[in-house]
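The next block holds one structure in the form of structure tokens; read it before the comments.
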Amino acid sequence: MYWSFSVSSFAVGGMIASFFGGWLGDRLGRVKAMLISNILSLAGALLMGLSKLGPSHILIISGRAISGLYCGIISGLVPMYINEIAPTTLRGAIGAIHQLAIVTGILVSQIIGLDFILGNRELWHILLGMSAVRAVLQSLMLFFCPESPRYLYLNLDEENKAKQSLKRLRGSADVTKDMNEMRKEKEEASSEQKVSIIQLFTNPSYRQPIFVALMLHLAQQFSGINGIFYYSTSIFQKAGISQPVYATIGVGAINTAFTAVSVFLVEKAGRRSLFLIGMSGMFVCAIFMSVGLVLLDKLSWMSYVAMVAIFLFVSFFEIGPGPIPWFMVAEFFSQGPRPAALAIAAFSNWTCNFIIALCFPYMADSCGPYVFFIFAGVVFAFTLFTFFKVPETKGKSFEEISAEFQKMGGCSAKIPKAG
């Protein structure tokens with residue numbers, strides 16, 4: 001019970017804070033907001049690092065919840081910042097690099113969590129407090145990061161500062177093309193109404209993009225991937241693996257390797273294509289995973305089928321469904337509705353994360369090895385949705401993406417004008 005709650009408390013923190021990322025970014029600026037948010041990360045790390053000195057379960061759950069608050073804020077802030085600083089031709093690749101940094105951190109934590117390093121009775125609290133090192137390091141590095149030129153120009157009307165920021169980002173004195181794009185975007189943004197979360201669902205121009213955005217995040221979380229990440233060691237034990245902890249690290253290594261692959265593929269193959277390939281592969285792998293676990297008692301070699309299926313499942317996830325939803329949502333919306341859209345997308349992602357973290361152990365107990373057949377059906381349904389409803393955004397401006405949505409929805413709704 002404590003284990004499930006300690007896992008899910010992280011997602012609860014993310015759910016609560018996800019609504020505040022866009023607001024904080026607009027109030028303080030993208031970089032300052034990320035810097036201030038690190039206070040939460042540091043506080044959460046200290047609580048967990050000091051948990052050996054007090055009631056451990058309370059301090060760990062509290063520390064994870066506060067760390068979740070931090071992650072909920074930056075889960076909207078970081079994709080927004082990346083989308084605003086990246087050139088159009090590299091938007092997807094840079095977004096995938098963000099995911100690569102996340103999965104690399106997961107892999108490092110799995111390695112240092114081994115018994116002979118920090119994952120033992122004497123040093124486990126140090127392991128939990130190690131995220132403080134990352135918080136301090138990131139805070140120092142943020143002082144060298146330029147503010148988003150789009151935020152400076154579109155939100156604050158600071159044209160000269162926006163130019164200086166662009167020159168730092170592009171490494172060139174000639175930023176005329178970028179400035180012209182932003183001027184055009186500002187002209188269009190000036191005719192937009194201020195968009196609230198409620199208006200994303202009530203206004204016909206935003207309803208379809210936000211629906212697709214939410215479905216992409218639901219597809220990511222309800223695919224079953226977090227069931228594997230959270231409880232991979234026990235899954236490998238049931239599969240008959242003698243050293244399941246090393247198999248779990250293997251999953252982390254595969255996770256990292258294929259995220260790196262997606263960095264190079266996302267600007268060539270396109271977001272929609274990679275998402276479809278990833279979901280289709282996950283569907284097949286979920287079937288084989290379930291078959292392997294069901295027949296394990298009758299055929300011992302099925303443990304290898306299950307293990308290979310898990311590795312491939314994670315590989316296909318990181319090719320598309322892992323990194324793509326976060327930055328694709330930012331591409332769906334212009335500067336005005338983008339913070340609200342990222343907030344609701346982040347909230348849906350964290351809510352689904354919480355549901356899976358809390359329910360998966362009970363699903364596994366009730367359904368046994370058949371549980372991944374359920375996820376296979378869910379993945380198949382989301383694959384069909386992606387095929388029919390999700391447009392390609394590679395190399396396209398917001399106006400072109402908006403036109404794609406209008407064409408797919410069969411409507412001619414335009415961006416609402418200010419009264």
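Please note that chains go A, B, ... in the order of the structure tokens, that every chain numbers its residues from 1, and that ligands are numbered from 1 in the order shown.
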Can you pull out every residue within 10 Å of Met215 (chain A), counting only C-alpha atoms, but drop anything in the same chain fewer than 3 positions away, and send it as a ChimeraX atom specification?
/A:209-212,218-221,325,345,348-349,382,385-386,389-390
In Å to one decimal, how far is CA of Glu147 (chain A) from CA of Ile85 (chain A)?
8.5 Å
Shell around region 301-304 of chain A at 12 Å using only C-alpha atoms, local window under 3 positions removed, as an MDAnalysis selection string:
chainID A and resid 235:242 244 247 288:298 307:311
Just to be explicit: take each residue in the selection above, keep C-alpha atoms, and write the result as a CSV table (one decimal), in the first residue's frame.
```
chain,number,residue,atom,x,y,z
A,235,ILE,CA,7.3,-8.5,-14.3
A,236,PHE,CA,10.7,-10.0,-15.1
A,237,GLN,CA,10.5,-12.1,-11.9
A,238,LYS,CA,7.2,-13.6,-13.1
A,239,ALA,CA,8.9,-14.1,-16.5
A,240,GLY,CA,11.5,-16.3,-14.7
A,241,ILE,CA,14.5,-14.0,-15.1
A,242,SER,CA,17.0,-14.8,-12.4
A,244,PRO,CA,15.4,-9.1,-12.9
A,247,ALA,CA,16.9,-6.8,-17.0
A,288,PHE,CA,3.5,-11.4,-27.7
A,289,MET,CA,4.2,-10.2,-24.1
A,290,SER,CA,0.9,-11.5,-22.9
A,291,VAL,CA,1.2,-14.8,-24.8
A,292,GLY,CA,4.7,-15.3,-23.3
A,293,LEU,CA,3.5,-14.6,-19.8
A,294,VAL,CA,0.4,-16.8,-20.2
A,295,LEU,CA,2.3,-19.8,-21.5
A,296,LEU,CA,5.3,-19.4,-19.2
A,297,ASP,CA,4.2,-22.2,-16.9
A,298,LYS,CA,3.9,-24.6,-19.8
A,307,MET,CA,11.5,-10.4,-22.2
A,308,VAL,CA,12.2,-9.6,-25.9
A,309,ALA,CA,8.6,-8.3,-26.2
A,310,ILE,CA,9.1,-6.0,-23.3
A,311,PHE,CA,12.4,-4.7,-24.8
```
Calculate how many Å separate CA of Gly252 (chain A) from CA of Thr393 (chain A), rounding to one decimal.
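These atoms are spaced 28.8 Å apart.
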